[in-house]
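Asker: Compact mmCIF, C-alpha atoms, saved as work19.txt, coming up:
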```txt
# COMPACT_ATOMS: atom_id res chain seq x y z
CA GLN J 1 -16.52 30.59 57.46
CA SER J 2 -17.16 32.39 60.74
CA ALA J 3 -19.80 35.14 60.88
CA LEU J 4 -17.55 36.89 63.39
CA THR J 5 -14.48 38.51 61.89
CA GLN J 6 -11.28 39.00 63.84
CA PRO J 7 -7.89 40.17 62.61
CA ALA J 8 -5.61 37.21 62.02
CA SER J 9 -2.84 38.75 64.06
CA VAL J 10 -1.93 41.72 66.22
CA SER J 11 1.26 42.62 67.99
CA GLY J 12 2.57 44.93 70.64
CA SER J 13 5.57 45.56 72.83
CA PRO J 14 5.68 44.85 76.56
CA GLY J 15 3.89 47.54 78.50
CA GLN J 16 1.83 48.69 75.54
CA SER J 17 -1.88 48.20 74.96
CA VAL J 18 -3.45 46.29 72.12
CA THR J 19 -7.04 45.97 71.02
CA ILE J 20 -8.54 43.02 69.19
CA SER J 21 -11.75 43.60 67.28
CA CYS J 22 -14.59 41.20 66.58
CA THR J 23 -17.13 42.24 63.98
CA GLY J 24 -20.43 40.48 63.45
CA THR J 25 -22.58 40.62 60.35
CA ASN J 26 -25.94 39.59 61.74
CA GLY J 27 -26.65 42.07 64.52
CA GLY J 28 -26.00 39.66 67.36
CA ILE J 29 -23.31 41.80 68.93
CA ALA J 30 -25.34 44.98 68.70
CA THR J 31 -28.52 43.42 70.00
CA PHE J 32 -27.34 41.20 72.84
CA ASN J 33 -24.79 41.63 75.62
CA LEU J 34 -23.53 38.09 75.12
CA VAL J 35 -19.98 38.62 73.91
CA SER J 36 -17.30 36.51 75.55
CA TRP J 37 -13.56 36.25 74.94
CA TYR J 38 -11.20 33.30 75.37
CA GLN J 39 -7.44 33.13 75.66
CA GLN J 40 -5.66 30.01 74.44
CA HIS J 41 -1.96 29.42 74.79
CA PRO J 42 -0.42 26.89 72.37
CA GLY J 43 -1.35 23.36 73.33
CA ARG J 44 -3.49 24.57 76.19
CA VAL J 45 -7.18 24.66 77.03
CA PRO J 46 -9.14 27.84 76.21
CA LYS J 47 -9.70 30.15 79.17
CA LEU J 48 -12.65 32.50 79.62
CA ILE J 49 -11.37 36.03 80.20
CA ILE J 50 -14.41 38.21 79.44
CA TYR J 51 -18.14 37.47 79.43
CA GLU J 52 -21.27 39.57 78.96
CA VAL J 53 -19.12 42.04 77.00
CA ILE J 54 -17.37 43.63 79.98
CA LYS J 55 -17.30 41.21 82.93
CA ARG J 56 -14.18 39.41 84.09
CA PRO J 57 -14.28 36.03 85.82
CA SER J 58 -12.67 35.86 89.24
CA GLY J 59 -8.91 35.65 88.93
CA VAL J 60 -8.61 37.29 85.51
CA SER J 61 -6.33 40.29 85.47
CA ASP J 62 -7.93 43.73 85.18
CA ARG J 63 -5.48 44.37 82.33
CA PHE J 64 -8.11 42.63 80.19
CA SER J 65 -11.18 44.67 79.34
CA GLY J 66 -14.05 44.32 76.92
CA SER J 67 -16.38 46.68 75.15
CA LYS J 68 -18.66 46.90 72.18
CA SER J 69 -19.94 49.49 69.74
CA GLY J 70 -22.58 48.61 67.21
CA ASN J 71 -21.69 45.34 65.52
CA THR J 72 -18.11 45.31 66.80
CA ALA J 73 -16.84 44.00 70.11
CA SER J 74 -13.33 44.68 71.32
CA LEU J 75 -10.87 43.16 73.74
CA THR J 76 -8.20 45.49 75.08
CA ILE J 77 -5.11 44.20 76.84
CA SER J 78 -3.17 46.86 78.66
CA GLY J 79 0.35 46.65 80.06
CA LEU J 80 1.27 43.82 77.71
CA GLN J 81 3.25 41.00 79.25
CA PRO J 82 5.12 38.17 77.52
CA ASP J 83 2.60 35.64 78.85
CA ASP J 84 -0.20 37.45 77.02
CA GLU J 85 1.15 35.98 73.80
CA ALA J 86 -1.64 33.60 72.81
CA ASP J 87 -4.62 33.15 70.53
CA TYR J 88 -7.77 35.07 71.41
CA PHE J 89 -11.27 34.10 70.33
CA CYS J 90 -14.45 36.13 70.55
CA CYS J 91 -17.81 34.43 70.91
CA THR J 92 -21.36 35.61 70.85
CA TYR J 93 -25.00 34.79 70.36
CA ALA J 94 -26.32 34.98 66.83
CA LEU J 95 -29.79 34.52 65.42
CA SER J 96 -28.42 31.67 63.31
CA SER J 97 -26.80 29.92 66.27
CA PRO J 98 -26.83 30.49 70.03
CA VAL J 99 -23.04 30.24 70.14
CA ILE J 100 -20.60 31.29 67.44
CA PHE J 101 -16.85 31.82 67.62
CA GLY J 102 -14.71 34.25 65.74
CA GLY J 103 -11.83 32.91 63.71
CA GLY J 104 -9.27 33.86 66.31
CA THR J 105 -6.46 36.38 66.60
CA LYS J 106 -2.84 35.55 67.29
CA LEU J 107 -1.25 38.07 69.64
CA THR J 108 2.50 38.43 69.44
CA VAL J 109 4.37 40.26 72.16
CA LEU J 110 7.41 41.72 70.50
CA GLN M 1 -14.22 23.27 92.14
CA VAL M 2 -15.91 22.07 88.99
CA GLN M 3 -13.90 19.78 86.75
CA LEU M 4 -14.76 18.18 83.43
CA GLN M 5 -13.14 15.14 81.83
CA GLU M 6 -13.70 13.91 78.31
CA SER M 7 -13.39 10.26 77.41
CA GLY M 8 -13.87 8.16 74.31
CA PRO M 9 -12.01 6.47 71.48
CA GLY M 10 -9.14 8.36 69.92
CA LEU M 11 -9.60 6.74 66.53
CA VAL M 12 -12.81 6.42 64.55
CA LYS M 13 -13.21 4.98 61.06
CA PRO M 14 -14.76 7.07 58.29
CA SER M 15 -18.55 6.81 58.04
CA GLN M 16 -18.79 5.52 61.60
CA THR M 17 -20.09 7.25 64.73
CA LEU M 18 -17.97 9.29 67.12
CA SER M 19 -19.14 8.94 70.71
CA LEU M 20 -17.67 10.91 73.60
CA THR M 21 -18.50 11.26 77.28
CA CYS M 22 -17.92 14.22 79.55
CA THR M 23 -17.85 13.44 83.26
CA ILE M 24 -18.52 16.28 85.67
CA SER M 25 -17.12 16.51 89.16
CA GLY M 26 -17.65 19.23 91.73
CA ALA M 27 -21.08 20.21 90.44
CA SER M 28 -24.43 18.57 89.86
CA MET M 29 -26.08 18.56 86.47
CA GLY M 30 -29.40 18.09 88.18
CA GLY M 31 -29.54 21.70 89.34
CA GLY M 32 -30.33 22.85 85.83
CA GLY M 33 -28.50 26.15 86.14
CA SER M 34 -25.74 25.53 83.63
CA PHE M 35 -25.19 24.81 79.98
CA TRP M 36 -23.10 21.79 79.01
CA ASN M 37 -21.22 22.32 75.78
CA TRP M 38 -19.16 20.46 73.24
CA VAL M 39 -16.55 22.45 71.33
CA ARG M 40 -13.96 21.17 68.89
CA GLN M 41 -10.75 22.48 67.37
CA ARG M 42 -9.32 21.06 64.19
CA PRO M 43 -5.50 20.93 64.06
CA GLY M 44 -4.13 24.43 63.67
CA LYS M 45 -7.61 25.95 63.44
CA GLY M 46 -10.01 27.92 65.62
CA LEU M 47 -12.71 26.91 68.03
CA GLU M 48 -15.94 25.49 66.67
CA TRP M 49 -19.04 25.19 68.85
CA ILE M 50 -20.84 21.89 68.34
CA GLY M 51 -23.82 22.25 70.65
CA HIS M 52 -25.05 22.24 74.21
CA ILE M 53 -27.61 20.75 76.53
CA PHE M 54 -29.31 22.51 79.46
CA ASN M 55 -32.49 22.66 81.55
CA ARG M 56 -32.51 18.91 82.03
CA GLY M 57 -32.56 18.15 78.34
CA ASN M 58 -33.00 21.14 76.02
CA THR M 59 -30.48 21.10 73.21
CA PHE M 60 -29.17 23.47 70.59
CA TYR M 61 -26.73 22.51 67.87
CA SER M 62 -24.50 24.32 65.42
CA PRO M 63 -26.40 24.68 62.14
CA SER M 64 -23.44 23.23 60.26
CA LEU M 65 -23.52 20.01 62.32
CA ASN M 66 -27.20 19.84 63.21
CA SER M 67 -27.97 16.93 60.90
CA ARG M 68 -25.23 14.71 62.38
CA VAL M 69 -24.99 15.53 66.06
CA THR M 70 -26.84 14.48 69.19
CA ILE M 71 -26.05 15.63 72.72
CA SER M 72 -27.64 13.84 75.64
CA MET M 73 -27.16 13.64 79.39
CA ASP M 74 -27.44 11.28 82.34
CA SER M 75 -27.90 13.39 85.46
CA SER M 76 -27.69 10.36 87.71
CA LYS M 77 -24.12 9.79 86.52
CA ASN M 78 -23.29 13.48 86.15
CA GLN M 79 -22.33 12.89 82.55
CA PHE M 80 -23.25 14.25 79.17
CA PHE M 81 -22.53 12.78 75.80
CA LEU M 82 -21.71 13.65 72.21
CA LYS M 83 -22.67 11.51 69.27
CA LEU M 84 -21.56 12.52 65.78
CA ILE M 85 -22.58 10.26 62.95
CA SER M 86 -21.11 9.70 59.50
CA VAL M 87 -17.71 11.11 60.37
CA ASP M 88 -14.97 11.85 57.88
CA ALA M 89 -11.46 13.26 57.99
CA ALA M 90 -12.82 16.78 58.52
CA ASP M 91 -14.07 15.68 61.93
CA THR M 92 -10.51 15.01 63.11
CA ALA M 93 -10.07 17.43 65.99
CA MET M 94 -9.52 18.02 69.66
CA TYR M 95 -12.92 17.75 71.32
CA TYR M 96 -13.61 19.72 74.48
CA CYS M 97 -16.53 19.69 76.84
CA ALA M 98 -17.20 22.94 78.65
CA LYS M 99 -19.58 24.27 81.27
CA GLY M 100 -21.52 27.37 80.32
CA ILE M 101 -22.82 30.08 82.60
CA GLY M 102 -25.89 32.06 81.70
CA ASP M 103 -29.65 32.27 81.85
CA PRO M 104 -31.02 28.86 80.90
CA HIS M 105 -34.62 30.02 81.28
CA ASN M 106 -34.10 32.49 78.43
CA TYR M 107 -31.61 30.23 76.60
CA TYR M 108 -28.79 32.78 76.86
CA GLN M 109 -25.30 31.53 77.55
CA PHE M 110 -22.89 34.20 78.79
CA GLY M 111 -19.68 32.24 78.42
CA MET M 112 -17.94 28.92 79.05
CA ASP M 113 -16.06 29.11 82.31
CA VAL M 114 -14.82 25.57 82.88
CA TRP M 115 -13.26 23.37 80.21
CA GLY M 116 -12.09 19.81 80.12
CA GLN M 117 -8.55 19.01 79.02
CA GLY M 118 -9.85 17.84 75.66
CA THR M 119 -9.64 14.51 73.88
CA ALA M 120 -8.03 14.09 70.49
CA VAL M 121 -10.06 12.24 67.91
CA THR M 122 -8.69 11.10 64.57
CA VAL M 123 -10.91 9.88 61.77
CA SER M 124 -8.99 7.42 59.67
CA SER M 125 -9.29 3.94 58.27
```
Will you turn the file into structure tokens for me?
Answerer:
Amino acid sequence: QSALTQPASVSGSPGQSVTISCTGTNGGIATFNLVSWYQQHPGRVPKLIIYEVIKRPSGVSDRFSGSKSGNTASLTISGLQPDDEADYFCCTYALSSPVIFGGGTKLTVL
Amino acid sequence: QVQLQESGPGLVKPSQTLSLTCTISGASMGGGGSFWNWVRQRPGKGLEWIGHIFNRGNTFYSPSLNSRVTISMDSSKNQFFLKLISVDAADTAMYYCAKGIGDPHNYYQFGMDVWGQGTAVTVSS
């Protein structure tokens, strides 16, 4: 069982914004700026879309943004597009393990 | 452009050892500035970090797999390796290698920016 909790699913209509939360129980998110987010389309390789809480790798759309507050990190996707439909995983440093993934959130674009 | 490629047997018998290789192109492991990770994904499930190697040989492993896993590297061949002993059906998964960016001197990985295509491993007799 992951120590990072994400909602199993979220949905939104094209053009809308959605936010996916990632809550940690061991203080890792609050203490360290080491949250990253990955997008994975079905049958595809995970793709890094956010690192160090708020940074975007080169080539990632600025429609993706990250933030954190206390023990919860968030990924916001604005101007939803059909291709945003995918699974999203948060990841962070924890005292129990230097890398831990959340359970993943399935985003459906209605 | 950095690329990673996993290789290894697709079928392993229960109780035996799973051994995989990740071959790196477009970057040198010898520089010591990156983390080299193994991540797996069971069918229909989420991502599970297995462990990583960095700084020419430092390793960290997932606590849940620590007793069964070894990650090593051969800088001269630009390869790193995964060995998982005593496998069972629960180890059936897609196995990915991934390059991590971060601060190896302080052991902080910021994220995994390059991934291999993955190799499917089935544990079955």
Asker: Can you tell me which residues surround range 17-22 of chain J at a distance of at most 8 Å, considering only C-alpha atoms, apart from same-chain residues fewer than 3 positions away, and format the answer as JSON, numbers by chain?
Answerer: {"J": [4, 5, 6, 7, 10, 11, 12, 72, 73, 74, 75, 76, 77, 78, 79, 80, 90, 102, 105]}
Asker: Could you give me, as a list in words, the residues that have an atom at most 7 Å away from the point (-24.9, 30.5, 74.0) in the coordinates of the file, using all atoms listed in the file?
Answerer: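 Residues with an atom close enough to that point: Thr92, Tyr93, Pro98 and Val99 of chain J; Tyr108, Gln109 and Phe110 of chain M.
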Asker: Using the selection just defined, write its residues with C-alpha atoms as a PDB file, in the frame of the given file.
Answerer:
```
ATOM      1  CA  THR J  92     -21.360  35.610  70.850  1.00  0.00           C
ATOM      2  CA  TYR J  93     -25.000  34.790  70.360  1.00  0.00           C
ATOM      3  CA  PRO J  98     -26.830  30.490  70.030  1.00  0.00           C
ATOM      4  CA  VAL J  99     -23.040  30.240  70.140  1.00  0.00           C
TER       5      VAL J  99
ATOM      6  CA  TYR M 108     -28.790  32.780  76.860  1.00  0.00           C
ATOM      7  CA  GLN M 109     -25.300  31.530  77.550  1.00  0.00           C
ATOM      8  CA  PHE M 110     -22.890  34.200  78.790  1.00  0.00           C
TER       9      PHE M 110
END
```
Asker: What does the distance from CA of Asp62 in chain J to CA of Gln40 in chain J come to in Å, to one decimal?
Answerer: 17.6 Å
Asker: Which chain J residues are at most 12 Å from chain M (counting all atoms listed in the file), as a PDB file with C-alpha atoms, keeping the file's coordinate frame?
Answerer:
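That gives us out_37.pdb:
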```
ATOM      1  CA  GLN J   1     -16.520  30.590  57.460  1.00  0.00           C
ATOM      2  CA  SER J   2     -17.160  32.390  60.740  1.00  0.00           C
ATOM      3  CA  ALA J   3     -19.800  35.140  60.880  1.00  0.00           C
ATOM      4  CA  LEU J   4     -17.550  36.890  63.390  1.00  0.00           C
ATOM      5  CA  GLN J   6     -11.280  39.000  63.840  1.00  0.00           C
ATOM      6  CA  ALA J   8      -5.610  37.210  62.020  1.00  0.00           C
ATOM      7  CA  PHE J  32     -27.340  41.200  72.840  1.00  0.00           C
ATOM      8  CA  ASN J  33     -24.790  41.630  75.620  1.00  0.00           C
ATOM      9  CA  LEU J  34     -23.530  38.090  75.120  1.00  0.00           C
ATOM     10  CA  VAL J  35     -19.980  38.620  73.910  1.00  0.00           C
ATOM     11  CA  SER J  36     -17.300  36.510  75.550  1.00  0.00           C
ATOM     12  CA  TRP J  37     -13.560  36.250  74.940  1.00  0.00           C
ATOM     13  CA  TYR J  38     -11.200  33.300  75.370  1.00  0.00           C
ATOM     14  CA  GLN J  39      -7.440  33.130  75.660  1.00  0.00           C
ATOM     15  CA  GLN J  40      -5.660  30.010  74.440  1.00  0.00           C
ATOM     16  CA  PRO J  42      -0.420  26.890  72.370  1.00  0.00           C
ATOM     17  CA  GLY J  43      -1.350  23.360  73.330  1.00  0.00           C
ATOM     18  CA  ARG J  44      -3.490  24.570  76.190  1.00  0.00           C
ATOM     19  CA  VAL J  45      -7.180  24.660  77.030  1.00  0.00           C
ATOM     20  CA  PRO J  46      -9.140  27.840  76.210  1.00  0.00           C
ATOM     21  CA  LYS J  47      -9.700  30.150  79.170  1.00  0.00           C
ATOM     22  CA  LEU J  48     -12.650  32.500  79.620  1.00  0.00           C
ATOM     23  CA  ILE J  49     -11.370  36.030  80.200  1.00  0.00           C
ATOM     24  CA  ILE J  50     -14.410  38.210  79.440  1.00  0.00           C
ATOM     25  CA  TYR J  51     -18.140  37.470  79.430  1.00  0.00           C
ATOM     26  CA  GLU J  52     -21.270  39.570  78.960  1.00  0.00           C
ATOM     27  CA  VAL J  53     -19.120  42.040  77.000  1.00  0.00           C
ATOM     28  CA  ILE J  54     -17.370  43.630  79.980  1.00  0.00           C
ATOM     29  CA  LYS J  55     -17.300  41.210  82.930  1.00  0.00           C
ATOM     30  CA  ARG J  56     -14.180  39.410  84.090  1.00  0.00           C
ATOM     31  CA  PRO J  57     -14.280  36.030  85.820  1.00  0.00           C
ATOM     32  CA  SER J  58     -12.670  35.860  89.240  1.00  0.00           C
ATOM     33  CA  GLY J  59      -8.910  35.650  88.930  1.00  0.00           C
ATOM     34  CA  VAL J  60      -8.610  37.290  85.510  1.00  0.00           C
ATOM     35  CA  ASP J  87      -4.620  33.150  70.530  1.00  0.00           C
ATOM     36  CA  TYR J  88      -7.770  35.070  71.410  1.00  0.00           C
ATOM     37  CA  PHE J  89     -11.270  34.100  70.330  1.00  0.00           C
ATOM     38  CA  CYS J  90     -14.450  36.130  70.550  1.00  0.00           C
ATOM     39  CA  CYS J  91     -17.810  34.430  70.910  1.00  0.00           C
ATOM     40  CA  THR J  92     -21.360  35.610  70.850  1.00  0.00           C
ATOM     41  CA  TYR J  93     -25.000  34.790  70.360  1.00  0.00           C
ATOM     42  CA  ALA J  94     -26.320  34.980  66.830  1.00  0.00           C
ATOM     43  CA  LEU J  95     -29.790  34.520  65.420  1.00  0.00           C
ATOM     44  CA  SER J  96     -28.420  31.670  63.310  1.00  0.00           C
ATOM     45  CA  SER J  97     -26.800  29.920  66.270  1.00  0.00           C
ATOM     46  CA  PRO J  98     -26.830  30.490  70.030  1.00  0.00           C
ATOM     47  CA  VAL J  99     -23.040  30.240  70.140  1.00  0.00           C
ATOM     48  CA  ILE J 100     -20.600  31.290  67.440  1.00  0.00           C
ATOM     49  CA  PHE J 101     -16.850  31.820  67.620  1.00  0.00           C
ATOM     50  CA  GLY J 102     -14.710  34.250  65.740  1.00  0.00           C
ATOM     51  CA  GLY J 103     -11.830  32.910  63.710  1.00  0.00           C
ATOM     52  CA  GLY J 104      -9.270  33.860  66.310  1.00  0.00           C
ATOM     53  CA  THR J 105      -6.460  36.380  66.600  1.00  0.00           C
ATOM     54  CA  LYS J 106      -2.840  35.550  67.290  1.00  0.00           C
TER      55      LYS J 106
END
```
Asker: Using only C-alpha atoms, pick whichever of M:Ser34, M:Thr119, M:Ser7, M:Ser72 has the shortest atom-to-atom distance to Lys99 in chain M.
Answerer: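 Looking only at the distances to Lys99 in chain M, the closest residue turns out to be M:Ser34.
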Asker: What's the separation between CA of Ser86 in chain M and CA of Phe35 in chain M, in Å to one decimal place?
Answerer: 25.8 Å
Asker: Export range 45-82 of chain M, C-alpha atoms, as a compact mmCIF listing (two decimals), in the first residue's frame; it's the structure right above.
Answerer:
```txt
# COMPACT_ATOMS: atom_id res chain seq x y z
CA LYS M 45 -1.32 -1.62 -11.50
CA GLY M 46 0.72 1.46 -10.65
CA LEU M 47 4.40 2.22 -10.75
CA GLU M 48 6.66 0.65 -8.15
CA TRP M 49 10.19 1.91 -7.59
CA ILE M 50 12.69 -0.91 -7.15
CA GLY M 51 15.91 0.96 -6.53
CA HIS M 52 18.70 3.02 -8.04
CA ILE M 53 22.43 3.30 -8.34
CA PHE M 54 24.45 6.54 -8.53
CA ASN M 55 27.79 8.14 -7.70
CA ARG M 56 29.70 5.28 -9.27
CA GLY M 57 28.13 2.65 -7.06
CA ASN M 58 25.93 3.95 -4.24
CA THR M 59 22.62 2.12 -4.10
CA PHE M 60 19.25 2.54 -2.48
CA TYR M 61 16.46 0.00 -2.65
CA SER M 62 12.76 -0.06 -1.94
CA PRO M 63 12.25 -1.31 1.62
CA SER M 64 9.74 -3.87 0.37
CA LEU M 65 12.29 -5.43 -2.02
CA ASN M 66 15.52 -4.69 -0.17
CA SER M 67 16.14 -8.28 0.89
CA ARG M 68 15.88 -9.64 -2.67
CA VAL M 69 17.29 -7.00 -4.98
CA THR M 70 20.75 -5.98 -6.13
CA ILE M 71 21.53 -3.20 -8.60
CA SER M 72 25.00 -2.94 -10.05
CA MET M 73 26.72 -1.15 -12.91
CA ASP M 74 29.51 -1.49 -15.44
CA SER M 75 30.56 2.00 -16.48
CA SER M 76 32.92 0.67 -19.11
CA LYS M 77 29.94 -0.85 -20.94
CA ASN M 78 27.52 1.94 -20.01
CA GLN M 79 25.18 -0.59 -18.49
CA PHE M 80 23.48 -1.18 -15.20
CA PHE M 81 21.82 -4.31 -13.96
CA LEU M 82 18.95 -5.61 -11.86
```
